[in-house]
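Q: So here's target29.cif, just mmCIF, C-alpha atoms:
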```cif
data_query
loop_
_atom_site.label_atom_id
_atom_site.label_comp_id
_atom_site.auth_asym_id
_atom_site.auth_seq_id
_atom_site.Cartn_x
_atom_site.Cartn_y
_atom_site.Cartn_z
CA MET A 591 7.37 11.10 168.14
CA SER A 592 10.02 12.66 170.35
CA GLN A 593 11.16 16.26 170.03
CA GLU A 594 14.72 17.28 170.81
CA PHE A 595 15.31 20.81 172.15
CA VAL A 596 18.61 22.62 171.55
CA ASN A 597 20.22 24.52 174.37
CA LEU A 598 21.15 27.88 172.81
CA GLU A 599 23.29 28.91 175.79
CA LYS A 600 26.11 26.65 174.60
CA PHE A 601 26.68 28.99 171.65
CA GLY A 602 27.63 31.82 174.00
CA LEU A 603 25.54 34.41 172.14
CA SER A 604 23.24 37.04 173.54
CA ASP A 605 19.53 37.22 172.80
CA GLU A 606 20.11 40.21 170.48
CA GLU A 607 22.59 38.19 168.46
CA LEU A 608 20.42 35.09 168.32
CA PHE A 609 17.20 36.88 167.51
CA SER A 610 17.94 39.85 165.24
CA HIS A 611 15.52 41.65 162.92
CA VAL A 612 15.99 40.96 159.20
CA ASP A 613 15.36 43.92 156.92
CA HIS A 614 13.07 43.36 153.95
CA SER A 615 14.23 44.87 150.67
CA ALA A 616 11.62 45.03 147.92
CA LEU A 617 14.34 45.50 145.32
CA GLU A 618 16.29 42.44 146.45
CA SER A 619 13.16 40.33 146.52
CA GLU A 620 12.53 41.02 142.82
CA LYS A 621 15.94 39.72 141.77
CA ILE A 622 16.04 36.30 140.16
CA THR A 623 19.09 34.15 140.54
CA ALA A 624 19.87 33.05 136.99
CA PRO A 625 22.80 33.20 134.60
CA ARG A 626 23.04 36.35 132.53
CA TYR A 627 21.48 36.11 129.08
CA SER A 628 22.87 38.01 126.11
CA TYR A 629 20.63 37.88 123.07
CA TRP A 630 23.28 38.53 120.42
CA ARG A 631 25.78 36.24 122.13
CA SER A 632 23.20 33.48 121.93
CA VAL A 633 22.49 34.36 118.29
CA PHE A 634 26.13 34.01 117.28
CA ARG A 635 26.57 30.87 119.38
CA VAL A 636 23.68 29.21 117.53
CA PHE A 637 24.90 30.57 114.19
CA PHE A 638 28.48 29.35 114.52
CA ARG A 639 27.35 25.99 115.86
CA LYS A 640 26.83 24.94 112.25
CA LYS A 641 30.16 24.51 110.51
CA ILE A 642 28.61 25.28 107.13
CA ASN A 643 27.96 28.84 108.31
CA ILE A 644 31.69 29.35 108.91
CA VAL A 645 32.40 28.20 105.35
CA ILE A 646 29.71 30.52 103.99
CA LEU A 647 31.12 33.48 105.90
CA CYS A 648 34.60 32.74 104.60
CA VAL A 649 33.29 32.68 101.02
CA LEU A 650 31.37 35.91 101.68
CA ALA A 651 34.49 37.57 103.10
CA ILE A 652 36.50 36.54 100.01
CA VAL A 653 33.78 37.91 97.72
CA LEU A 654 33.64 41.24 99.57
CA CYS A 655 37.43 41.56 99.63
CA PHE A 656 37.70 41.00 95.88
CA ALA A 657 34.72 43.28 95.22
CA TYR A 658 35.92 46.24 97.30
CA LEU A 659 39.60 45.87 98.16
CA TYR A 660 40.89 44.38 94.92
CA PRO A 661 39.58 47.18 92.62
CA ALA A 662 41.04 49.76 95.02
CA LEU A 663 44.50 48.18 94.84
CA ILE A 664 44.74 47.97 91.04
CA ASP A 665 44.76 50.54 88.29
CA TYR A 666 41.91 49.23 86.18
CA ASP A 667 41.37 50.82 82.77
CA PRO A 668 38.91 48.91 80.55
CA PHE A 669 40.19 50.66 77.43
CA ALA A 670 43.94 50.46 78.04
CA ASN A 671 44.41 47.79 75.33
CA LEU A 672 41.64 48.94 73.01
CA MET A 673 43.99 49.71 70.11
CA ASP A 674 45.80 46.38 70.39
CA ALA A 675 43.86 43.93 68.21
CA GLN A 676 45.94 40.98 69.47
CA ALA A 677 44.90 41.64 73.07
CA LYS A 678 41.16 41.00 72.53
CA HIS A 679 39.24 37.80 73.29
CA LEU A 680 42.26 35.90 74.61
CA ARG A 681 41.96 32.63 76.46
CA PRO A 682 43.80 32.43 79.81
CA ALA A 683 46.71 30.48 78.26
CA ALA A 684 47.07 32.99 75.42
CA ALA A 685 46.84 35.92 77.85
CA PHE A 686 49.60 34.39 80.00
CA ALA A 687 51.75 33.92 76.91
CA LYS A 688 51.31 37.57 75.93
CA TYR A 689 51.44 39.30 79.33
CA GLY A 690 53.08 36.70 81.54
CA PRO A 691 51.54 34.79 84.50
CA SER A 692 49.34 37.21 86.42
CA ILE A 693 46.16 37.10 88.47
CA HIS A 694 44.72 39.73 86.15
CA TYR A 695 44.61 37.32 83.22
CA ILE A 696 43.49 34.06 84.83
CA LEU A 697 40.13 34.52 83.04
CA GLY A 698 41.58 35.86 79.80
CA THR A 699 40.69 39.17 78.19
CA GLY A 700 37.48 40.72 76.90
CA ALA A 701 36.27 42.48 73.78
CA SER A 702 38.28 45.64 74.56
CA GLY A 703 41.38 43.76 75.63
CA GLU A 704 40.62 44.37 79.31
CA PRO A 705 41.41 41.64 81.89
CA THR A 706 38.17 39.76 82.45
CA PHE A 707 39.09 39.04 86.08
CA ASP A 708 39.49 42.75 86.85
CA ALA A 709 36.33 43.64 84.96
CA VAL A 710 34.25 41.07 86.85
CA TRP A 711 35.25 42.29 90.30
CA ASN A 712 34.89 45.92 89.35
CA GLY A 713 31.37 45.10 88.17
CA ALA A 714 30.69 43.14 91.38
CA ARG A 715 31.61 46.23 93.40
CA ILE A 716 29.04 48.32 91.53
CA SER A 717 26.29 45.68 91.78
CA LEU A 718 26.90 45.02 95.50
CA SER A 719 27.02 48.73 96.33
CA LEU A 720 23.69 49.19 94.57
CA ALA A 721 22.17 46.27 96.48
CA PHE A 722 23.44 47.41 99.89
CA ILE A 723 22.25 51.00 99.43
CA CYS A 724 18.80 49.97 98.18
CA ALA A 725 18.38 47.40 100.96
CA ALA A 726 19.37 49.96 103.62
CA ILE A 727 16.86 52.53 102.33
CA ASN A 728 13.95 50.16 101.75
CA MET A 729 14.40 48.19 104.96
CA THR A 730 14.73 51.28 107.15
CA ILE A 731 11.63 52.97 105.74
CA GLY A 732 9.66 49.75 105.43
CA VAL A 733 10.30 48.46 108.96
CA LEU A 734 9.65 51.77 110.73
CA LEU A 735 6.59 52.64 108.64
CA GLY A 736 5.20 49.13 108.95
CA ALA A 737 5.55 49.24 112.73
CA VAL A 738 3.46 52.43 112.94
CA TRP A 739 1.10 51.32 110.15
CA GLY A 740 0.00 48.33 112.21
CA PHE A 741 -1.24 50.65 115.00
CA SER A 742 -2.72 53.62 113.15
CA LYS A 743 -6.18 53.05 111.68
CA LYS A 744 -6.08 56.30 109.68
CA MET A 745 -2.75 55.35 108.14
CA ASP A 746 -4.09 51.86 107.46
CA LEU A 747 -6.96 53.27 105.39
CA VAL A 748 -4.66 55.47 103.32
CA MET A 749 -1.78 53.02 102.88
CA THR A 750 -4.08 50.13 102.00
CA GLU A 751 -5.44 52.13 99.05
CA VAL A 752 -1.91 53.09 98.04
CA ILE A 753 -0.63 49.52 98.04
CA ASN A 754 -3.75 48.29 96.20
CA THR A 755 -3.01 50.83 93.47
CA VAL A 756 0.76 50.52 93.26
CA GLY A 757 0.70 46.76 93.80
CA ASN A 758 -1.11 46.27 90.48
CA VAL A 759 1.81 47.83 88.58
CA PRO A 760 4.53 45.26 87.76
CA TYR A 761 7.60 46.17 89.79
CA THR A 762 10.07 45.35 87.02
CA LEU A 763 8.09 47.41 84.51
CA LEU A 764 8.03 50.40 86.87
CA ILE A 765 11.80 50.20 87.37
CA ALA A 766 12.44 49.91 83.63
CA VAL A 767 10.23 52.93 82.84
CA LEU A 768 11.93 55.11 85.46
CA VAL A 769 15.38 54.14 84.21
CA LEU A 770 14.38 54.92 80.60
CA VAL A 771 12.75 58.25 81.47
CA LEU A 772 15.65 59.37 83.64
CA SER A 773 19.33 59.05 82.83
CA PRO A 774 20.58 55.43 83.22
CA SER A 775 22.99 56.20 86.05
CA PHE A 776 23.79 54.50 89.34
CA TRP A 777 21.65 56.82 91.45
CA THR A 778 18.79 56.64 88.96
CA MET A 779 18.71 52.89 89.51
CA VAL A 780 18.81 53.45 93.29
CA PHE A 781 15.82 55.79 92.98
CA ALA A 782 13.93 53.35 90.76
CA LEU A 783 14.47 50.45 93.17
CA THR A 784 13.53 52.44 96.28
CA VAL A 785 10.71 54.69 95.13
CA THR A 786 8.15 51.95 95.86
CA GLY A 787 10.32 49.06 97.08
CA TRP A 788 9.75 49.96 100.73
CA LEU A 789 5.97 49.76 100.35
CA PHE A 790 5.71 45.98 100.17
CA ILE A 791 8.20 45.60 103.03
CA ALA A 792 6.09 47.96 105.14
CA TYR A 793 2.95 45.94 104.34
CA PHE A 794 4.67 42.72 105.38
CA PHE A 795 5.73 44.15 108.75
CA ARG A 796 2.34 45.81 109.23
CA THR A 797 0.85 42.31 109.13
CA GLN A 798 3.37 41.06 111.69
CA VAL A 799 2.64 44.03 113.99
CA ILE A 800 -1.10 43.34 113.88
CA ILE A 801 -0.43 39.79 115.04
CA ILE A 802 1.30 40.87 118.25
CA ARG A 803 -0.08 44.37 118.95
CA ASP A 804 -2.99 43.12 121.13
CA ARG A 805 -0.88 41.08 123.52
CA GLU A 806 -1.27 41.84 127.22
CA TYR A 807 1.88 43.90 127.68
CA ASN A 808 1.01 46.12 124.71
CA LEU A 809 -2.53 46.64 125.97
CA ALA A 810 -1.11 47.60 129.36
CA SER A 811 1.28 50.08 127.75
CA ARG A 812 -1.54 51.70 125.81
CA CYS A 813 -3.68 51.97 128.96
CA LEU A 814 -0.79 53.74 130.68
CA GLY A 815 -0.66 56.29 127.87
CA THR A 816 2.53 55.13 126.16
CA PRO A 817 2.83 56.69 122.67
CA ILE A 818 2.27 54.36 119.74
CA THR A 819 5.69 55.09 118.29
CA ARG A 820 7.37 54.03 121.54
CA ILE A 821 5.29 50.84 121.74
CA ALA A 822 6.20 50.05 118.14
CA THR A 823 9.94 50.67 118.57
CA LYS A 824 10.37 49.24 122.10
CA ASN A 825 7.75 46.52 122.46
CA ILE A 826 7.32 45.17 118.94
CA LEU A 827 10.41 45.68 116.79
CA PRO A 828 12.74 43.73 119.12
CA PHE A 829 10.46 40.70 118.74
CA MET A 830 10.76 40.89 114.96
CA THR A 831 14.57 40.78 114.77
CA SER A 832 14.61 37.37 113.12
CA LEU A 833 12.00 38.50 110.59
CA ILE A 834 14.00 41.63 109.78
CA VAL A 835 17.20 39.65 109.24
CA THR A 836 15.37 37.09 107.10
CA GLN A 837 13.75 39.79 104.99
CA LEU A 838 17.10 41.51 104.58
CA ALA A 839 18.56 38.22 103.34
CA ILE A 840 15.90 38.19 100.63
CA GLU A 841 16.18 41.86 99.68
CA ILE A 842 19.94 42.18 99.07
CA PRO A 843 20.26 39.31 96.54
CA SER A 844 17.03 40.42 94.84
CA TYR A 845 18.50 43.84 94.02
CA VAL A 846 21.56 42.19 92.50
CA SER A 847 19.21 40.05 90.39
CA TYR A 848 17.14 43.08 89.32
CA GLU A 849 20.26 44.97 88.27
CA VAL A 850 21.66 42.00 86.33
CA PHE A 851 18.35 41.31 84.58
CA LEU A 852 17.67 44.93 83.58
CA ALA A 853 21.23 45.45 82.37
CA PHE A 854 21.06 42.17 80.45
CA ILE A 855 18.00 43.38 78.50
CA GLY A 856 19.56 46.81 77.91
CA MET A 857 17.73 48.86 80.57
CA GLY A 858 20.33 48.92 83.32
CA ILE A 859 22.80 51.50 84.49
CA SER A 860 25.54 52.90 82.30
CA ASP A 861 28.34 51.66 84.57
CA MET A 862 29.96 48.31 83.75
CA SER A 863 28.21 46.32 86.46
CA LEU A 864 27.80 42.55 86.45
CA GLY A 865 24.63 42.91 84.42
CA ARG A 866 26.29 45.10 81.80
CA LEU A 867 29.21 42.67 81.55
CA ILE A 868 26.83 39.74 81.00
CA GLY A 869 24.85 41.69 78.42
CA ALA A 870 27.98 42.79 76.57
CA ALA A 871 29.31 39.23 76.44
CA GLN A 872 26.19 37.59 74.95
CA SER A 873 27.84 37.08 71.58
CA ALA A 874 30.97 35.67 73.24
CA MET A 875 28.90 32.82 74.69
CA LEU A 876 28.31 31.43 71.18
CA THR A 877 31.88 31.88 69.96
CA PRO A 878 34.28 28.98 70.64
CA GLY A 879 37.06 30.02 73.00
CA TRP A 880 35.33 33.21 74.19
CA GLY A 881 33.09 31.60 76.80
CA PHE A 882 35.15 32.93 79.72
CA GLU A 883 33.90 36.44 78.98
CA PHE A 884 30.26 35.40 79.50
CA TRP A 885 30.41 32.73 82.16
CA SER A 886 32.80 34.59 84.48
CA PRO A 887 30.32 37.38 85.46
CA VAL A 888 27.46 34.87 85.45
CA ILE A 889 29.23 32.60 87.96
CA VAL A 890 30.32 35.52 90.17
CA SER A 891 26.77 36.89 90.14
CA ALA A 892 25.41 33.48 91.13
CA ILE A 893 27.96 33.09 93.93
CA VAL A 894 27.20 36.56 95.30
CA THR A 895 23.43 36.05 95.39
CA ILE A 896 23.56 32.51 96.78
CA VAL A 897 26.09 33.31 99.52
CA LEU A 898 24.24 36.44 100.63
CA TYR A 899 20.92 34.60 100.69
CA VAL A 900 22.14 31.52 102.57
CA ALA A 901 24.13 33.56 105.11
CA GLY A 902 21.15 35.83 105.75
CA GLN A 903 18.69 32.95 106.06
CA ASN A 904 20.88 31.08 108.54
CA LEU A 905 21.45 34.26 110.55
CA GLY A 906 17.69 34.85 110.55
CA ASP A 907 17.11 31.34 111.91
CA ALA A 908 19.73 31.93 114.61
CA SER A 909 18.02 35.23 115.52
CA ASP A 910 14.86 33.37 116.54
CA PRO A 911 14.94 33.11 120.37
CA ARG A 912 13.27 29.69 120.15
CA THR A 913 16.54 28.29 118.77
CA HIS A 914 18.47 29.46 121.86
CA MET A 915 17.06 26.78 124.17
#
```
Represent the structure of the file as structure tokens.

A:
Amino acid sequence: MSQEFVNLEKFGLSDEELFSHVDHSALESEKITAPRYSYWRSVFRVFFRKKINIVILCVLAIVLCFAYLYPALIDYDPFANLMDAQAKHLRPAAAFAKYGPSIHYILGTGASGEPTFDAVWNGARISLSLAFICAAINMTIGVLLGAVWGFSKKMDLVMTEVINTVGNVPYTLLIAVLVLVLSPSFWTMVFALTVTGWLFIAYFFRTQVIIIRDREYNLASRCLGTPITRIATKNILPFMTSLIVTQLAIEIPSYVSYEVFLAFIGMGISDMSLGRLIGAAQSAMLTPGWGFEFWSPVIVSAIVTIVLYVAGQNLGDASDPRTHM
């Protein structure tokens, strides 16, 4: 096998130029040549890859606009036509004949002569606000407490006894009792839904923390003296983003359902929420021609809960890094 030698003199370079010392940089050697990865960019790319998610978001945007913007743009008075007997329980066609074509009367009028369309979206605003506030409180306390609960043995002993005691009390019964004892107001319902609602969320995330707390990087952090709170917030919570989003998708519609159910049985808030509207229109369901008063809030309530749940579930699936491959 022949070897061919290259004459370096033909390049016209000196020995210093041909044979120069290369500096070694420890920082440069640790760099990995790879495209930049953005977690949330990947989440939204996976989420919007499904066309159905775009449709769901459009429906959700319409619902939120009608629930929050529409009531703010109109002057809604549920008792404005109370003294007009001919304005009560009108079908859409009869309401158009009396008041003229208008978006306010596309669902007719109710028992007090109020536009059913306006009443439904005003009630949706109250129910959604209740759900968002309760979900924010319960999820914040539950996630943070559950992250620390999974590490602290002393807290585990105390909180396990608490959840064994409180968990045996039916949640719906507890809410109903608190609402009856206190005044049936909006913030009373918020208190009733959040006084123990965070406990079961914390227990769920405590279980998830226990699963991953003994991984190598967490053991190394504990050996280096890293505080438990920092390990929980920096090393564990980011890995549970998809679980948090999925749990949030379950919590928000559930509070709407609780409010509707309790108001339907007469234990809800005093404001005319979706549940109060459904409860007040029970008799209208059995009266020919008055069905719009009952089915309108029922359908809106169903749309709100289904859209929130499906959008949250699909966002939770997209938040799983395993779907980003």

Q: What's the 8 Å shell around Phe776 in chain A, counting all atoms listed in the file, without same-chain residues fewer than 4 positions away, as JSON, numbers by chain?

A: {"A": [720, 780, 859, 860, 861]}

Q: Go ahead and write the residues just picked, C-alpha atoms, as a PDB file, in the frame of the given file.

A:
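Below you can see again.pdb, which holds the result:
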```pdb
ATOM      1  CA  LEU A 720      23.690  49.190  94.570  1.00  0.00           C
ATOM      2  CA  VAL A 780      18.810  53.450  93.290  1.00  0.00           C
ATOM      3  CA  ILE A 859      22.800  51.500  84.490  1.00  0.00           C
ATOM      4  CA  SER A 860      25.540  52.900  82.300  1.00  0.00           C
ATOM      5  CA  ASP A 861      28.340  51.660  84.570  1.00  0.00           C
TER       6      ASP A 861
END
```

Q: Report the distance between CA of Ser844 in chain A and CA of Met779 in chain A in Å, rounded to one decimal place.

A: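 The value is 13.7 Å.
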
Q: So which one's closest to Asn671 in chain A, A:Tyr899, A:Ile801, A:Phe686, A:Gly703? Using only C-alpha atoms, please.

A: A:Gly703

Q: Find the residue from A:Met862, A:Ser632, A:Leu734, A:Arg681 that sits nearest to Phe794 in chain A; use only C-alpha atoms when measuring.

A: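 Closest to Phe794 in chain A of all the choices is A:Leu734.
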
Q: Excluding same-chain residues fewer than 5 positions from Arg796 in chain A, what lies within 10 Å of it counting all atoms listed in the file, as a short mmCIF file (atom, residue, chain, number, x, y, z; two decimals) with C-alpha atoms, in the coordinates of the input?

A:
```cif
data_model
loop_
_atom_site.label_atom_id
_atom_site.label_comp_id
_atom_site.auth_asym_id
_atom_site.auth_seq_id
_atom_site.Cartn_x
_atom_site.Cartn_y
_atom_site.Cartn_z
CA GLY A 732 9.66 49.75 105.43
CA VAL A 733 10.30 48.46 108.96
CA LEU A 734 9.65 51.77 110.73
CA LEU A 735 6.59 52.64 108.64
CA GLY A 736 5.20 49.13 108.95
CA ALA A 737 5.55 49.24 112.73
CA VAL A 738 3.46 52.43 112.94
CA TRP A 739 1.10 51.32 110.15
CA GLY A 740 0.00 48.33 112.21
CA PHE A 741 -1.24 50.65 115.00
CA ASP A 746 -4.09 51.86 107.46
CA PHE A 790 5.71 45.98 100.17
CA ILE A 791 8.20 45.60 103.03
CA ILE A 801 -0.43 39.79 115.04
#
```

Q: Just want the 10 Å neighbourhood of Gly757 in chain A, counted on all atoms listed in the file, with same-chain residues fewer than 5 positions away dropped. Output as a PyMOL selection string.

A: chain A and resi 751-752+786+789-790

Q: If I take CA of Leu772 in chain A and CA of Val785 in chain A, how far is one from the other in Å, to one decimal?

A: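 Separation of CA of Leu772 in chain A and CA of Val785 in chain A: 13.4 Å.
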
Q: With all atoms listed in the file as the atoms that count, which of A:Asn825, A:Asn597, A:Ser847, A:Asn728 lies nearest to Arg803 in chain A?

A: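 Closest to Arg803 in chain A, using all atoms listed in the file: A:Asn825.
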
Q: Evaluate the PyMOL selection byres ((chain A and resi 905-909) around 6) on the structure here and hand back the selected residues as a PDB file with C-alpha atoms, in the frame of the given file.

A:
```pdb
ATOM      1  CA  VAL A 633      22.490  34.360 118.290  1.00  0.00           C
ATOM      2  CA  VAL A 636      23.680  29.210 117.530  1.00  0.00           C
ATOM      3  CA  PHE A 637      24.900  30.570 114.190  1.00  0.00           C
ATOM      4  CA  SER A 832      14.610  37.370 113.120  1.00  0.00           C
ATOM      5  CA  VAL A 835      17.200  39.650 109.240  1.00  0.00           C
ATOM      6  CA  THR A 836      15.370  37.090 107.100  1.00  0.00           C
ATOM      7  CA  GLY A 902      21.150  35.830 105.750  1.00  0.00           C
ATOM      8  CA  GLN A 903      18.690  32.950 106.060  1.00  0.00           C
ATOM      9  CA  ASN A 904      20.880  31.080 108.540  1.00  0.00           C
ATOM     10  CA  ASP A 910      14.860  33.370 116.540  1.00  0.00           C
TER      11      ASP A 910
END
```
